[in-house]
Amino acid sequence: MPPAVLDTLQAVTQIRTMDFSGADAQTTGERPAVLLIDHGSRRAAANTLLGEVAALVKERLGATSIVEPAHMELAKPTIAEGFARCVAQGATKVVVHPFMLAPGRHVTEDLPRLVAEAAARHPGVRFSMAAPLGSHSGVVDAVIERCQSALSDLEPSQA
């Protein structure tokens with residue numbers, strides 16, 4: 001398997017085994033959060049999608065979990081605002097997930113720098129970066145499903 005696929009699988013496994021409900025906070029003193037970050041857009045509908053995804057992730061992780069959206073640029077909430085919202089809800093460690101496909105410049109350079117700047121405003125709060133969506137099997141399944149849907153939308157050719 002390519003390294004990007006392994007990184008994504010390891011990140012997903014780590015998130016699935018972490019307790020994001022806050023139940024561990026009493027015994028370990030730690031409360032994890034998920035900060036989903038996309039690029040951001042000038043189109044409001046595009047930015048709204050990330051909030052919808054964050055709500056779905058929170059639903060799956062449990063009602064007491066901390067999940068916040070943020071945009072790298074062009075829209076609010078910013079990364080600093082999203083990180084601060086996590087901390088305001090009690091997060092002591094933040095798993096940052098780039099809601100992007102590839103480990104390009106934004107994922108490998110810009111996001112780590114911007115998240116580190118945001119984290120610096122909250123002493124004692126740690127963060128880690130999850131891998132981008134990449135070629136995770138769920139992404140591949142979604143591509144196939146969307147293509148099959150588009151194919152069925154085509155009218156039969158008139159021969």
# chains A, B, ... in the order shown; residues from 1 in each chain; ligands from 1
>>> select_by_dssp(residues="stretch 40-139 of chain A", states="strand (DSSP E)", output="count of residues only")
16
>>> select_by_dssp(residues="stretch 27-139 of chain A", states="alpha helix (DSSP H)", output="NGL selection string")
:A and (27-28 or 44-61 or 79-88 or 105 or 111-120 or 137-139)
>>> closest_atom_pairs(of="stretch 91-152 of chain A", to="stretch 41-61 of chain A", cutoff="12 Å", atoms="only C-alpha atoms", output="JSON lines")
{"residue": "A:His97", "atom": "CA", "partner": "A:Ala54", "partner_atom": "CA", "distance": 10.7}
{"residue": "A:Pro98", "atom": "CA", "partner": "A:Leu50", "partner_atom": "CA", "distance": 11.0}
{"residue": "A:Phe99", "atom": "CA", "partner": "A:Leu50", "partner_atom": "CA", "distance": 8.2}
{"residue": "A:Met100", "atom": "CA", "partner": "A:Leu50", "partner_atom": "CA", "distance": 11.0}
>>> residues_around(residues="stretch 133-142 of chain A", least_positions_apart="2", cutoff="6 Å", atoms="only C-alpha atoms", output="list in words")
Val5, Met100, Leu101, Ala102, Ile144 and Glu145 of chain A
>>> write_last_selection(atoms="C-alpha atoms", output="PDB file, in the first residue's frame")
ATOM      1  CA  VAL A   5      -2.987   5.298   2.170  1.00  0.00           C
ATOM      2  CA  MET A 100      -8.697  17.916   1.552  1.00  0.00           C
ATOM      3  CA  LEU A 101      -7.726  15.151  -0.824  1.00  0.00           C
ATOM      4  CA  ALA A 102      -3.981  15.334  -1.270  1.00  0.00           C
ATOM      5  CA  ILE A 144     -17.477   5.047  -7.635  1.00  0.00           C
ATOM      6  CA  GLU A 145     -20.922   5.806  -6.198  1.00  0.00           C
TER       7      GLU A 145
END
>>> closest_residue(among="A:Cys147, A:Val87, A:Met72, A:Ala33", to="A:Arg121", atoms="only C-alpha atoms")
A:Val87
>>> residues_around(residues="A:Ile66", least_positions_apart="2", cutoff="7 Å", atoms="only C-alpha atoms", output="PyMOL selection string")
chain A and resi 20+33-34+58+64+68+86
>>> write_last_selection(atoms="N, CA and C atoms", output="mmCIF file, in the first residue's frame")
data_model
loop_
_atom_site.group_PDB
_atom_site.id
_atom_site.type_symbol
_atom_site.label_atom_id
_atom_site.label_comp_id
_atom_site.auth_asym_id
_atom_site.auth_seq_id
_atom_site.Cartn_x
_atom_site.Cartn_y
_atom_site.Cartn_z
ATOM 1 N N PHE A 20 -13.874 10.321 22.095
ATOM 2 C CA PHE A 20 -14.151 11.738 21.906
ATOM 3 C C PHE A 20 -15.358 12.200 22.715
ATOM 4 N N ALA A 33 -10.597 16.751 20.815
ATOM 5 C CA ALA A 33 -11.529 17.409 19.899
ATOM 6 C C ALA A 33 -11.075 17.124 18.478
ATOM 7 N N VAL A 34 -11.993 17.307 17.551
ATOM 8 C CA VAL A 34 -11.674 17.206 16.125
ATOM 9 C C VAL A 34 -11.911 18.579 15.508
ATOM 10 N N LYS A 58 -19.706 14.682 14.416
ATOM 11 C CA LYS A 58 -20.092 14.794 15.830
ATOM 12 C C LYS A 58 -21.188 13.789 16.165
ATOM 13 N N THR A 64 -21.605 14.317 23.079
ATOM 14 C CA THR A 64 -20.718 15.076 23.975
ATOM 15 C C THR A 64 -19.331 15.306 23.373
ATOM 16 N N GLU A 68 -15.417 20.738 15.500
ATOM 17 C CA GLU A 68 -15.602 22.086 14.972
ATOM 18 C C GLU A 68 -15.062 22.198 13.550
ATOM 19 N N CYS A 86 -12.843 24.828 20.145
ATOM 20 C CA CYS A 86 -12.552 23.514 20.733
ATOM 21 C C CYS A 86 -12.100 23.669 22.177
#
>>> closest_residue(among="A:Ala88, A:Val94, A:Ala63, A:Leu111", to="A:Asp38", atoms="only C-alpha atoms")
A:Leu111
>>> closest_residue(among="A:Gly29, A:Pro132, A:Gly82, A:Pro156", to="A:Thr108", atoms="only C-alpha atoms")
A:Pro132
>>> closest_residue(among="A:Ala131, A:Ala91, A:Ala116, A:Ile37", to="A:Lys76", atoms="only C-alpha atoms")
A:Ile37
>>> atom_distance(atom1="atom CA of A:Asp110", atom2="atom CA of A:Gly124")
22.2 Å
>>> closest_residue(among="A:Arg113, A:Lys93, A:Arg31, A:Arg105", to="A:Arg126", atoms="only C-alpha atoms")
A:Lys93
>>> closest_residue(among="A:Val95, A:Gln148, A:Ile79, A:Pro32", to="A:Glu117", atoms="only C-alpha atoms")
A:Ile79
>>> decode(residues="stretch 37-105 of chain A", atoms="C-alpha atoms", output="PDB file, in the first residue's frame")
ATOM      1  CA  ILE A  37     -10.301  22.290   8.089  1.00  0.00           C
ATOM      2  CA  ASP A  38     -11.005  22.928   4.432  1.00  0.00           C
ATOM      3  CA  HIS A  39      -9.613  25.563   2.097  1.00  0.00           C
ATOM      4  CA  GLY A  40     -12.535  27.965   2.352  1.00  0.00           C
ATOM      5  CA  SER A  41     -14.453  29.542  -0.496  1.00  0.00           C
ATOM      6  CA  ARG A  42     -16.033  32.793  -1.586  1.00  0.00           C
ATOM      7  CA  ARG A  43     -19.224  30.755  -2.111  1.00  0.00           C
ATOM      8  CA  ALA A  44     -21.269  30.423   1.061  1.00  0.00           C
ATOM      9  CA  ALA A  45     -22.768  27.080   0.005  1.00  0.00           C
ATOM     10  CA  ALA A  46     -19.295  25.566  -0.292  1.00  0.00           C
ATOM     11  CA  ASN A  47     -18.413  26.742   3.219  1.00  0.00           C
ATOM     12  CA  THR A  48     -21.694  25.477   4.639  1.00  0.00           C
ATOM     13  CA  LEU A  49     -20.804  21.945   3.550  1.00  0.00           C
ATOM     14  CA  LEU A  50     -17.949  21.721   6.060  1.00  0.00           C
ATOM     15  CA  GLY A  51     -20.301  22.615   8.899  1.00  0.00           C
ATOM     16  CA  GLU A  52     -22.640  19.863   7.747  1.00  0.00           C
ATOM     17  CA  VAL A  53     -19.782  17.352   7.667  1.00  0.00           C
ATOM     18  CA  ALA A  54     -18.672  18.451  11.145  1.00  0.00           C
ATOM     19  CA  ALA A  55     -22.221  17.868  12.433  1.00  0.00           C
ATOM     20  CA  LEU A  56     -22.254  14.367  10.905  1.00  0.00           C
ATOM     21  CA  VAL A  57     -18.864  13.528  12.454  1.00  0.00           C
ATOM     22  CA  LYS A  58     -20.092  14.794  15.830  1.00  0.00           C
ATOM     23  CA  GLU A  59     -23.225  12.661  15.500  1.00  0.00           C
ATOM     24  CA  ARG A  60     -21.109   9.556  14.867  1.00  0.00           C
ATOM     25  CA  LEU A  61     -18.645  10.296  17.666  1.00  0.00           C
ATOM     26  CA  GLY A  62     -21.383  11.105  20.168  1.00  0.00           C
ATOM     27  CA  ALA A  63     -23.301  14.156  21.327  1.00  0.00           C
ATOM     28  CA  THR A  64     -20.718  15.076  23.975  1.00  0.00           C
ATOM     29  CA  SER A  65     -17.818  15.032  21.506  1.00  0.00           C
ATOM     30  CA  ILE A  66     -16.133  18.237  20.397  1.00  0.00           C
ATOM     31  CA  VAL A  67     -16.085  18.709  16.623  1.00  0.00           C
ATOM     32  CA  GLU A  68     -15.602  22.086  14.972  1.00  0.00           C
ATOM     33  CA  PRO A  69     -15.201  23.283  11.378  1.00  0.00           C
ATOM     34  CA  ALA A  70     -12.675  25.892  10.218  1.00  0.00           C
ATOM     35  CA  HIS A  71     -11.529  27.351   6.918  1.00  0.00           C
ATOM     36  CA  MET A  72      -7.912  27.980   5.977  1.00  0.00           C
ATOM     37  CA  GLU A  73      -8.811  31.236   4.240  1.00  0.00           C
ATOM     38  CA  LEU A  74     -11.607  33.219   2.594  1.00  0.00           C
ATOM     39  CA  ALA A  75     -14.291  32.385   5.191  1.00  0.00           C
ATOM     40  CA  LYS A  76     -15.086  32.139   8.870  1.00  0.00           C
ATOM     41  CA  PRO A  77     -14.595  30.465  11.204  1.00  0.00           C
ATOM     42  CA  THR A  78     -10.854  30.741  10.753  1.00  0.00           C
ATOM     43  CA  ILE A  79      -8.455  28.104  12.035  1.00  0.00           C
ATOM     44  CA  ALA A  80      -7.721  30.245  15.098  1.00  0.00           C
ATOM     45  CA  GLU A  81     -11.457  30.648  15.770  1.00  0.00           C
ATOM     46  CA  GLY A  82     -12.167  26.932  15.300  1.00  0.00           C
ATOM     47  CA  PHE A  83      -9.280  25.956  17.573  1.00  0.00           C
ATOM     48  CA  ALA A  84     -10.469  28.432  20.219  1.00  0.00           C
ATOM     49  CA  ARG A  85     -13.993  26.968  20.031  1.00  0.00           C
ATOM     50  CA  CYS A  86     -12.552  23.514  20.733  1.00  0.00           C
ATOM     51  CA  VAL A  87     -10.638  24.811  23.742  1.00  0.00           C
ATOM     52  CA  ALA A  88     -13.670  26.757  25.011  1.00  0.00           C
ATOM     53  CA  GLN A  89     -15.561  23.438  25.119  1.00  0.00           C
ATOM     54  CA  GLY A  90     -12.829  21.849  27.228  1.00  0.00           C
ATOM     55  CA  ALA A  91     -10.471  20.312  24.662  1.00  0.00           C
ATOM     56  CA  THR A  92      -6.955  19.601  25.885  1.00  0.00           C
ATOM     57  CA  LYS A  93      -5.828  17.963  22.646  1.00  0.00           C
ATOM     58  CA  VAL A  94      -7.057  18.693  19.138  1.00  0.00           C
ATOM     59  CA  VAL A  95      -6.908  16.289  16.219  1.00  0.00           C
ATOM     60  CA  VAL A  96      -6.750  18.456  13.115  1.00  0.00           C
ATOM     61  CA  HIS A  97      -8.160  16.843  10.000  1.00  0.00           C
ATOM     62  CA  PRO A  98      -7.466  18.525   6.666  1.00  0.00           C
ATOM     63  CA  PHE A  99     -10.716  18.028   4.764  1.00  0.00           C
ATOM     64  CA  MET A 100      -8.697  17.916   1.552  1.00  0.00           C
ATOM     65  CA  LEU A 101      -7.726  15.151  -0.824  1.00  0.00           C
ATOM     66  CA  ALA A 102      -3.981  15.334  -1.270  1.00  0.00           C
ATOM     67  CA  PRO A 103      -0.980  16.092   0.931  1.00  0.00           C
ATOM     68  CA  GLY A 104      -0.101  19.189  -1.108  1.00  0.00           C
ATOM     69  CA  ARG A 105       1.430  22.450   0.086  1.00  0.00           C
TER      70      ARG A 105
END
